[in-house]
There are 2 protein chains.
Amino acid sequence: MTHAQQIHLVRRPQGMPVAADFAQVEASVPELAADEVEVEALLVSVDPYMRPRFNADQALAAVMPGGGIGRIARSRADALPEGTLVKHGGGFQSRFVAPARTVARLDADPALPLSAYMHVLGGTGLTAWGGLLHTGALQEGERVLVSTAGGAVGSVAAQIALIKGCTVAGLTGSDEKAAWLRDIAGIQAINYRTGKLSDAIAAALPEGIDVYFENVGGNQLDAALPLMRLNGRIPVCGMISGYNGDGPGVHNLFNMIYKRLRMEGFVSTDFQSAQAAFQSEMSGWIKAGKMHWQETIVEGFERIPEAMIALLNGENAGKMLVRVAV
Amino acid sequence: MTHAQQIHLVRRPQGMPVAADFAQVEASVPELAADEVEVEALLVSVDPYMRPRFNADQALAAVMPGGGIGRIARSRADALPEGTLVKHGGGFQSRFVAPARTVARLDADPALPLSAYMHVLGGTGLTAWGGLLHTGALQEGERVLVSTAGGAVGSVAAQIALIKGCTVAGLTGSDEKAAWLRDIAGIQAINYRTGKLSDAIAAALPEGIDVYFENVGGNQLDAALPLMRLNGRIPVCGMISGYNGDGPGVHNLFNMIYKRLRMEGFVSTDFQSAQAAFQSEMSGWIKAGKMHWQETIVEGFERIPEAMIALLNGENAGKMLVRVAV
């Protein structure tokens with residue numbers, strides 16, 4: 001019988017998680033039933049959204065679910081023969097058995113790095129692409145402001161706008177992220193922690209804003225609203241400043257009336273039917289050298305807890321992944 | 001030579017306007033040049049929006065512009081023969097000469113009261129109709145919340161929703177307005193000054209809100225947002241709570257994301273091209289006894305200052321008009 005490694009949460013973290021909150025456990029991999037596959041993990045994703053679960057619905061001494069890319073090691077499902085690459089939600093385990101319908105075939109382009117399918121060619125890329133082009137109805141040559149422009153979704157949104165011939169400015173919270181945006185991605189960057197935000201936006205986009213890609217809310221939304229142009233659009237991807245219902249609130253919504261602004265929420269699954277179009281367009285941009293990203297890849301399954309803790313301490317640049325096998 | 005009466009502002013009001021801030025003045029009516037018409041005033045509108053101008057751009061000892069319905073008394077324009085009814089911006093004067101292109105022919109249905117063309121069949125009706133059906137994309141049988149439902153626009157919006165087979169609740173600020181909504185217009189009314197607003201809305205619309213017709217913003221918007229249904233729409237007609245940028249702000253916008261809400265501003269002129277469709281549909285509803293309204297008509301040109309002051313003191317019920325002639 002084959003064996004697998006798993007990372008379990010063994011106690012609830014007090015504040016920032018530490019290594020002793022986790023344990024590596026060996027488990028046996030069961031035989032396959034009909035329509036089941038055995039997946040060997042290649043890349044494991046660690047994400048900020050996991051943290052609240054450590055003190056909530058994540059069971060102790062149990063597998064921790066999460067996104068990843070794997071390869072079919074054994075199969076009793078015709079659609080997924082041995083060797084097929086898949087995206088899955090198997091989480092922190094080096095190999096596992098699952099019903100074939102719970103994993104998704106990944107038709108990865110061998111000319112592109114596999115890790116890109118965990119961010120710019122994955123859910124974060126689809127979110128940026130769909131939110132900007134579909135919900136935001138971006139037109140070529142418009143004026144675009146992106147919040148959290150140094151983040152996984154925002155940095156892709158800003159670069160798509162640039163590729164579409166738009167004038168783009170990005171809001172970010174550190175000089176390092178601003179430097180990456182400016183020097184690597186070619187985006188006008190505004191550190192929202194320094195200076196008067198509305199003045200900085202007006203200087204970067206003197207003709208105003210046609211599309212504001214919204215990830216923050218609060219005072220960033222308030223700064224953008226008076227600068228919006230007639231018939232401007234605000235696709236709402238996130239509102240991290242408002243999730244707790246506190247903060248100063250939004251005061252400038254009345255600008256929506258005379259400017260006929262449209263603000264609209266979306267999530268990435270709204271664009272699943274356009275997945276093929278997205279993959280095709282994004283792959284082209286990557287191959288043409290027009291799309292840049294940051295990723296931090298930690299090598300070795302046993303370093304998942306270390307990677308998780310580093311992520312929560314902000315030590316990553318871009319998407320954080322653990323490579324288990326190649 | 002014919003003579004006309006005019007009401008002038010003769011001094012800037014200190015706080016609430018008083019009769020001595022206005023004066024009635026007799027003026028001669030000039031001869032007509034080519035393409036000019038002489039308009040005899042029938043109904044003169046007094047509106048809250050006029051007040052700020054008394055201490056700003058309204059000239060002293062000059063005609064005060066404003067909306068009205070008149071009749072062509074003399075004409076040197078073929079398109080507007082003597083006797084034609086017109087809508088105009090001539091304001092507080094009993095008769096006046098104007099270029100024909102500055103007044104608009106009014107094809108009034110003789111079966112309907114002429115005064116209705118100043119509100120339910122005029123700009124306020126068009127605002128409610130376009131905002132709800134076009135911007136709000138209302139579907140039959142949906143669940144609808146209307147703010148300022150006792151007002152000129154809101155009361156029409158709420159009744160249109162009712163006519164379209166929707167479940168409707170209206171927010172209003174007095175028990176008197178709530179009683180009118182309930183007893184005359186047949187709308188579930190919520191006095192937002194009493195009780196917990198979100199509980200009252202949830203009780204009136206237990207399945208949630210598909211369309212929130214927005215005129216207020218602030219805590220009424222905050223109460224509505226968590227109760228919105230998937231793919232809900234918020235047409236924004238006004239945000240009276242937010243015009244000064246003060247108040248507590250809006251904290252619940254993050255609900256827009258997972259519910260894929262769409263919030264969109266509009267003004268009545270956006271629907272000018274649908275004016276004929278609006279007139280036809282609204283006239284039908286009025287004749288069928290399905291549309292109710294309130295209006296306060298003061299008789300006599302000389303009482304315009306009195307009507308203006310009464311309006312600013314809230315002594316009107318519904319649209320305030322002065323009848324000059326019949």
# chains A, B, ... in the order shown; residues from 1 in each chain; ligands from 1
$ select_by_dssp --residues "stretch 101-299 of chain A" --states "strand (DSSP E)" --output "MDAnalysis selection string"
chainID A and resid 104:105 143:146 167:172 188:191 209:213 228:236 262:265 295:299
$ closest_atom_pairs --of "chain A" --to "chain B" --cutoff "9 Å" --atoms "only C-alpha atoms" --output "CSV"
residue,atom,partner,partner_atom,distance
A:Gly217,CA,B:Leu253,CA,8.0
A:Gly218,CA,B:His251,CA,8.2
A:Asn231,CA,B:Gly265,CA,8.9
A:Val236,CA,B:Ile257,CA,6.1
A:Cys237,CA,B:Ile257,CA,6.4
A:Gly238,CA,B:Ile257,CA,6.6
A:Met239,CA,B:Phe254,CA,5.5
A:Ile240,CA,B:Phe254,CA,8.2
A:Gly242,CA,B:Phe254,CA,6.4
A:Tyr243,CA,B:Phe254,CA,6.5
A:Asn244,CA,B:His251,CA,8.9
A:Gly245,CA,B:His251,CA,5.5
A:Asp246,CA,B:His251,CA,6.9
A:Gly247,CA,B:His251,CA,7.8
A:Pro248,CA,B:Gly249,CA,6.8
A:Gly249,CA,B:Gly249,CA,4.4
A:Val250,CA,B:Gly249,CA,4.8
A:His251,CA,B:Gly249,CA,4.8
A:Asn252,CA,B:Gly245,CA,6.4
A:Leu253,CA,B:Gly242,CA,7.6
A:Phe254,CA,B:Met239,CA,5.5
A:Asn255,CA,B:Gly265,CA,8.4
A:Met256,CA,B:Gly265,CA,4.9
A:Ile257,CA,B:Gly265,CA,4.0
A:Tyr258,CA,B:Phe266,CA,6.6
A:Lys259,CA,B:Gly265,CA,7.0
A:Arg260,CA,B:Gly265,CA,4.2
A:Leu261,CA,B:Gly265,CA,5.5
A:Arg262,CA,B:Glu264,CA,4.3
A:Met263,CA,B:Met263,CA,5.1
A:Glu264,CA,B:Arg262,CA,4.3
A:Gly265,CA,B:Ile257,CA,4.0
A:Phe266,CA,B:Arg260,CA,5.1
A:Val267,CA,B:Tyr258,CA,6.6
$ write_last_selection --atoms "C-alpha atoms" --output "short mmCIF file (atom, residue, chain, number, x, y, z; two decimals), in the first residue's frame"
data_model
loop_
_atom_site.label_atom_id
_atom_site.label_comp_id
_atom_site.auth_asym_id
_atom_site.auth_seq_id
_atom_site.Cartn_x
_atom_site.Cartn_y
_atom_site.Cartn_z
CA GLY A 217 -13.94 50.55 -0.59
CA GLY A 218 -13.84 53.17 2.18
CA ASN A 231 -20.97 56.89 -17.57
CA VAL A 236 -16.54 45.60 -7.38
CA CYS A 237 -14.14 42.70 -6.83
CA GLY A 238 -13.66 43.25 -3.11
CA MET A 239 -14.09 45.81 -0.33
CA ILE A 240 -11.45 44.80 2.16
CA GLY A 242 -15.48 47.30 4.82
CA TYR A 243 -15.76 43.62 5.64
CA ASN A 244 -16.12 44.33 9.34
CA GLY A 245 -18.75 47.03 8.92
CA ASP A 246 -16.53 49.51 10.73
CA GLY A 247 -14.32 52.25 9.34
CA PRO A 248 -15.41 55.71 8.26
CA GLY A 249 -17.95 54.56 5.64
CA VAL A 250 -18.40 55.87 2.09
CA HIS A 251 -19.62 59.45 1.74
CA ASN A 252 -19.35 60.33 -1.95
CA LEU A 253 -21.87 57.95 -3.53
CA PHE A 254 -24.07 60.90 -4.60
CA ASN A 255 -21.56 61.39 -7.43
CA MET A 256 -23.18 58.35 -9.04
CA ILE A 257 -26.31 60.28 -9.95
CA TYR A 258 -25.30 63.07 -12.35
CA LYS A 259 -22.36 61.08 -13.68
CA ARG A 260 -24.63 58.06 -14.30
CA LEU A 261 -22.05 55.78 -12.71
CA ARG A 262 -22.60 52.04 -12.60
CA MET A 263 -21.19 50.02 -9.69
CA GLU A 264 -21.54 46.25 -9.91
CA GLY A 265 -20.33 43.28 -7.90
CA PHE A 266 -18.92 40.07 -9.38
CA VAL A 267 -17.06 36.89 -8.45
#
$ residues_around --residues "B:Ala62" --least-positions-apart "6" --cutoff "9 Å" --atoms "only C-alpha atoms" --output "PyMOL selection string"
chain B and resi 6-10
$ residues_around --residues "stretch 189-197 of chain A" --least-positions-apart "4" --cutoff "9 Å" --atoms "only C-alpha atoms" --output "count of residues only"
23
$ residues_around --residues "A:Pro48" --least-positions-apart "5" --cutoff "9 Å" --atoms "only C-alpha atoms" --output "compact mmCIF listing (two decimals) with C-alpha atoms, in the first residue's frame"
# COMPACT_ATOMS: atom_id res chain seq x y z
CA MET A 308 1.84 29.40 5.61
CA LEU A 311 2.58 34.25 4.04
CA LEU A 312 0.71 35.47 7.12
$ select_by_dssp --residues "stretch 19-221 of chain A" --states "helix (DSSP H, G or I)" --output "ChimeraX atom specification"
/A:19-21,48-54,100-102,114-118,123-135,152-163,175-185,197-204,218-221
$ closest_residue --among "A:Leu112, A:Asp199, A:Asp57, A:Ala277" --to "A:Gly289" --atoms "only C-alpha atoms"
A:Leu112
$ atom_distance --atom1 "atom CA of B:Gln272" --atom2 "atom CA of B:Leu121"
12.9 Å
$ residues_around --residues "B:Ile72" --least-positions-apart "5" --cutoff "10 Å" --atoms "only C-alpha atoms" --output "PyMOL selection string"
chain B and resi 37-41+80-86+95-97+100+103+105
$ write_last_selection --atoms "N, CA and C atoms" --output "mmCIF file, in the first residue's frame"
data_model
loop_
_atom_site.group_PDB
_atom_site.id
_atom_site.type_symbol
_atom_site.label_atom_id
_atom_site.label_comp_id
_atom_site.auth_asym_id
_atom_site.auth_seq_id
_atom_site.Cartn_x
_atom_site.Cartn_y
_atom_site.Cartn_z
ATOM 1 N N VAL B 37 -43.191 83.945 -29.658
ATOM 2 C CA VAL B 37 -44.565 83.725 -29.212
ATOM 3 C C VAL B 37 -44.797 84.492 -27.908
ATOM 4 N N GLU B 38 -46.064 84.827 -27.654
ATOM 5 C CA GLU B 38 -46.426 85.382 -26.352
ATOM 6 C C GLU B 38 -47.162 84.285 -25.587
ATOM 7 N N VAL B 39 -46.667 83.984 -24.392
ATOM 8 C CA VAL B 39 -47.225 82.907 -23.579
ATOM 9 C C VAL B 39 -48.015 83.500 -22.417
ATOM 10 N N GLU B 40 -49.222 83.014 -22.243
ATOM 11 C CA GLU B 40 -50.040 83.384 -21.087
ATOM 12 C C GLU B 40 -49.907 82.251 -20.062
ATOM 13 N N ALA B 41 -49.471 82.576 -18.854
ATOM 14 C CA ALA B 41 -49.262 81.540 -17.834
ATOM 15 C C ALA B 41 -50.591 80.971 -17.348
ATOM 16 N N LEU B 80 -46.456 76.917 -33.547
ATOM 17 C CA LEU B 80 -47.153 77.132 -32.274
ATOM 18 C C LEU B 80 -48.262 78.168 -32.449
ATOM 19 N N PRO B 81 -49.370 77.778 -33.087
ATOM 20 C CA PRO B 81 -50.449 78.744 -33.313
ATOM 21 C C PRO B 81 -51.107 79.164 -31.996
ATOM 22 N N GLU B 82 -51.791 80.271 -32.047
ATOM 23 C CA GLU B 82 -52.531 80.795 -30.905
ATOM 24 C C GLU B 82 -53.401 79.690 -30.287
ATOM 25 N N GLY B 83 -53.402 79.599 -28.968
ATOM 26 C CA GLY B 83 -54.220 78.594 -28.282
ATOM 27 C C GLY B 83 -53.467 77.318 -27.935
ATOM 28 N N THR B 84 -52.257 77.121 -28.495
ATOM 29 C CA THR B 84 -51.482 75.910 -28.202
ATOM 30 C C THR B 84 -51.040 75.893 -26.735
ATOM 31 N N LEU B 85 -51.180 74.750 -26.087
ATOM 32 C CA LEU B 85 -50.651 74.597 -24.725
ATOM 33 C C LEU B 85 -49.148 74.302 -24.802
ATOM 34 N N VAL B 86 -48.362 74.909 -23.897
ATOM 35 C CA VAL B 86 -46.905 74.693 -23.893
ATOM 36 C C VAL B 86 -46.398 74.516 -22.462
ATOM 37 N N ARG B 95 -47.489 86.707 -18.148
ATOM 38 C CA ARG B 95 -47.353 86.501 -19.601
ATOM 39 C C ARG B 95 -45.997 87.030 -20.028
ATOM 40 N N PHE B 96 -45.473 86.475 -21.127
ATOM 41 C CA PHE B 96 -44.128 86.871 -21.553
ATOM 42 C C PHE B 96 -43.931 86.498 -23.016
ATOM 43 N N VAL B 97 -42.945 87.127 -23.623
ATOM 44 C CA VAL B 97 -42.574 86.847 -25.010
ATOM 45 C C VAL B 97 -41.274 86.048 -25.009
ATOM 46 N N ALA B 100 -39.860 80.848 -29.999
ATOM 47 C CA ALA B 100 -40.706 79.650 -30.039
ATOM 48 C C ALA B 100 -39.930 78.393 -29.649
ATOM 49 N N VAL B 103 -39.943 77.080 -25.869
ATOM 50 C CA VAL B 103 -41.093 76.475 -25.197
ATOM 51 C C VAL B 103 -41.437 75.174 -25.913
ATOM 52 N N ARG B 105 -44.332 72.328 -27.028
ATOM 53 C CA ARG B 105 -45.749 72.018 -27.217
ATOM 54 C C ARG B 105 -46.162 70.904 -26.248
#
$ atom_distance --atom1 "atom CA of A:Arg101" --atom2 "atom CA of A:Tyr117"
19.6 Å
$ residues_around --residues "B:Val324" --least-positions-apart "2" --cutoff "10 Å" --atoms "only C-alpha atoms" --output "MDAnalysis selection string"
chainID B and resid 40:44 69:70 93:95 298:304 321:322 326
$ atom_distance --atom1 "atom CA of B:Glu315" --atom2 "atom CA of B:Asp109"
29.6 Å
$ decode --residues "stretch 278-318 of chain B" --atoms "N, CA and C atoms" --output "mmCIF file, in the first residue's frame"
data_model
loop_
_atom_site.group_PDB
_atom_site.id
_atom_site.type_symbol
_atom_site.label_atom_id
_atom_site.label_comp_id
_atom_site.auth_asym_id
_atom_site.auth_seq_id
_atom_site.Cartn_x
_atom_site.Cartn_y
_atom_site.Cartn_z
ATOM 1 N N PHE B 278 -43.738 56.819 -22.260
ATOM 2 C CA PHE B 278 -44.090 57.144 -20.873
ATOM 3 C C PHE B 278 -45.462 57.802 -20.798
ATOM 4 N N GLN B 279 -45.686 58.829 -21.625
ATOM 5 C CA GLN B 279 -46.965 59.559 -21.593
ATOM 6 C C GLN B 279 -48.126 58.604 -21.831
ATOM 7 N N SER B 280 -47.947 57.719 -22.784
ATOM 8 C CA SER B 280 -49.012 56.794 -23.146
ATOM 9 C C SER B 280 -49.318 55.828 -21.996
ATOM 10 N N GLU B 281 -48.251 55.236 -21.423
ATOM 11 C CA GLU B 281 -48.455 54.258 -20.357
ATOM 12 C C GLU B 281 -49.039 54.936 -19.107
ATOM 13 N N MET B 282 -48.464 56.092 -18.742
ATOM 14 C CA MET B 282 -48.922 56.774 -17.526
ATOM 15 C C MET B 282 -50.359 57.273 -17.680
ATOM 16 N N SER B 283 -50.704 57.805 -18.854
ATOM 17 C CA SER B 283 -52.083 58.264 -19.078
ATOM 18 C C SER B 283 -53.066 57.110 -18.889
ATOM 19 N N GLY B 284 -52.698 55.954 -19.392
ATOM 20 C CA GLY B 284 -53.554 54.774 -19.234
ATOM 21 C C GLY B 284 -53.756 54.408 -17.775
ATOM 22 N N TRP B 285 -52.684 54.447 -17.009
ATOM 23 C CA TRP B 285 -52.801 54.103 -15.579
ATOM 24 C C TRP B 285 -53.680 55.102 -14.848
ATOM 25 N N ILE B 286 -53.524 56.391 -15.185
ATOM 26 C CA ILE B 286 -54.326 57.421 -14.505
ATOM 27 C C ILE B 286 -55.807 57.214 -14.826
ATOM 28 N N LYS B 287 -56.115 57.008 -16.125
ATOM 29 C CA LYS B 287 -57.518 56.825 -16.518
ATOM 30 C C LYS B 287 -58.117 55.571 -15.891
ATOM 31 N N ALA B 288 -57.286 54.557 -15.645
ATOM 32 C CA ALA B 288 -57.772 53.317 -15.036
ATOM 33 C C ALA B 288 -57.882 53.438 -13.515
ATOM 34 N N GLY B 289 -57.552 54.618 -12.979
ATOM 35 C CA GLY B 289 -57.656 54.823 -11.535
ATOM 36 C C GLY B 289 -56.569 54.128 -10.735
ATOM 37 N N LYS B 290 -55.451 53.784 -11.422
ATOM 38 C CA LYS B 290 -54.389 53.037 -10.737
ATOM 39 C C LYS B 290 -53.284 53.927 -10.182
ATOM 40 N N MET B 291 -53.316 55.204 -10.510
ATOM 41 C CA MET B 291 -52.219 56.088 -10.094
ATOM 42 C C MET B 291 -52.798 57.230 -9.269
ATOM 43 N N HIS B 292 -52.244 57.380 -8.068
ATOM 44 C CA HIS B 292 -52.741 58.402 -7.145
ATOM 45 C C HIS B 292 -51.646 59.417 -6.869
ATOM 46 N N TRP B 293 -52.043 60.636 -6.554
ATOM 47 C CA TRP B 293 -51.043 61.648 -6.235
ATOM 48 C C TRP B 293 -51.673 62.694 -5.348
ATOM 49 N N GLN B 294 -50.816 63.537 -4.811
ATOM 50 C CA GLN B 294 -51.292 64.678 -4.039
ATOM 51 C C GLN B 294 -50.777 65.936 -4.719
ATOM 52 N N GLU B 295 -51.577 66.979 -4.709
ATOM 53 C CA GLU B 295 -51.112 68.268 -5.216
ATOM 54 C C GLU B 295 -51.793 69.354 -4.402
ATOM 55 N N THR B 296 -51.101 70.475 -4.284
ATOM 56 C CA THR B 296 -51.652 71.618 -3.564
ATOM 57 C C THR B 296 -51.655 72.777 -4.544
ATOM 58 N N ILE B 297 -52.853 73.267 -4.902
ATOM 59 C CA ILE B 297 -52.941 74.342 -5.885
ATOM 60 C C ILE B 297 -53.447 75.608 -5.211
ATOM 61 N N VAL B 298 -52.616 76.637 -5.260
ATOM 62 C CA VAL B 298 -52.961 77.950 -4.705
ATOM 63 C C VAL B 298 -53.494 78.792 -5.860
ATOM 64 N N GLU B 299 -54.598 79.482 -5.636
ATOM 65 C CA GLU B 299 -55.246 80.224 -6.726
ATOM 66 C C GLU B 299 -54.790 81.678 -6.738
ATOM 67 N N GLY B 300 -54.272 82.153 -7.879
ATOM 68 C CA GLY B 300 -53.985 83.582 -8.039
ATOM 69 C C GLY B 300 -52.514 83.905 -8.137
ATOM 70 N N PHE B 301 -52.145 84.600 -9.212
ATOM 71 C CA PHE B 301 -50.745 84.931 -9.471
ATOM 72 C C PHE B 301 -50.091 85.634 -8.286
ATOM 73 N N GLU B 302 -50.849 86.539 -7.660
ATOM 74 C CA GLU B 302 -50.271 87.360 -6.589
ATOM 75 C C GLU B 302 -49.890 86.532 -5.364
ATOM 76 N N ARG B 303 -50.357 85.258 -5.348
ATOM 77 C CA ARG B 303 -50.066 84.427 -4.168
ATOM 78 C C ARG B 303 -48.824 83.549 -4.354
ATOM 79 N N ILE B 304 -48.058 83.790 -5.419
ATOM 80 C CA ILE B 304 -46.832 83.004 -5.635
ATOM 81 C C ILE B 304 -45.877 83.092 -4.434
ATOM 82 N N PRO B 305 -45.593 84.302 -3.892
ATOM 83 C CA PRO B 305 -44.687 84.332 -2.726
ATOM 84 C C PRO B 305 -45.248 83.526 -1.553
ATOM 85 N N GLU B 306 -46.518 83.661 -1.309
ATOM 86 C CA GLU B 306 -47.163 82.914 -0.220
ATOM 87 C C GLU B 306 -47.008 81.397 -0.432
ATOM 88 N N ALA B 307 -47.214 80.934 -1.687
ATOM 89 C CA ALA B 307 -47.083 79.506 -1.990
ATOM 90 C C ALA B 307 -45.639 79.044 -1.804
ATOM 91 N N MET B 308 -44.712 79.880 -2.236
ATOM 92 C CA MET B 308 -43.281 79.559 -2.101
ATOM 93 C C MET B 308 -42.924 79.379 -0.626
ATOM 94 N N ILE B 309 -43.379 80.306 0.197
ATOM 95 C CA ILE B 309 -43.060 80.260 1.633
ATOM 96 C C ILE B 309 -43.734 79.051 2.285
ATOM 97 N N ALA B 310 -44.983 78.784 1.920
ATOM 98 C CA ALA B 310 -45.692 77.623 2.475
ATOM 99 C C ALA B 310 -44.971 76.328 2.102
ATOM 100 N N LEU B 311 -44.491 76.261 0.853
ATOM 101 C CA LEU B 311 -43.740 75.084 0.401
ATOM 102 C C LEU B 311 -42.507 74.869 1.273
ATOM 103 N N LEU B 312 -41.759 75.963 1.505
ATOM 104 C CA LEU B 312 -40.515 75.845 2.275
ATOM 105 C C LEU B 312 -40.805 75.518 3.736
ATOM 106 N N ASN B 313 -42.033 75.802 4.187
ATOM 107 C CA ASN B 313 -42.439 75.423 5.544
ATOM 108 C C ASN B 313 -43.088 74.046 5.586
ATOM 109 N N GLY B 314 -43.129 73.358 4.435
ATOM 110 C CA GLY B 314 -43.679 72.004 4.412
ATOM 111 C C GLY B 314 -45.188 71.954 4.543
ATOM 112 N N GLU B 315 -45.873 73.052 4.189
ATOM 113 C CA GLU B 315 -47.328 73.087 4.362
ATOM 114 C C GLU B 315 -48.086 72.478 3.185
ATOM 115 N N ASN B 316 -47.372 72.093 2.157
ATOM 116 C CA ASN B 316 -48.017 71.461 0.992
ATOM 117 C C ASN B 316 -48.199 69.972 1.219
ATOM 118 N N ALA B 317 -49.140 69.383 0.494
ATOM 119 C CA ALA B 317 -49.216 67.927 0.351
ATOM 120 C C ALA B 317 -48.995 67.654 -1.130
ATOM 121 N N GLY B 318 -47.907 66.992 -1.467
ATOM 122 C CA GLY B 318 -47.600 66.724 -2.874
ATOM 123 C C GLY B 318 -47.143 67.974 -3.607
#
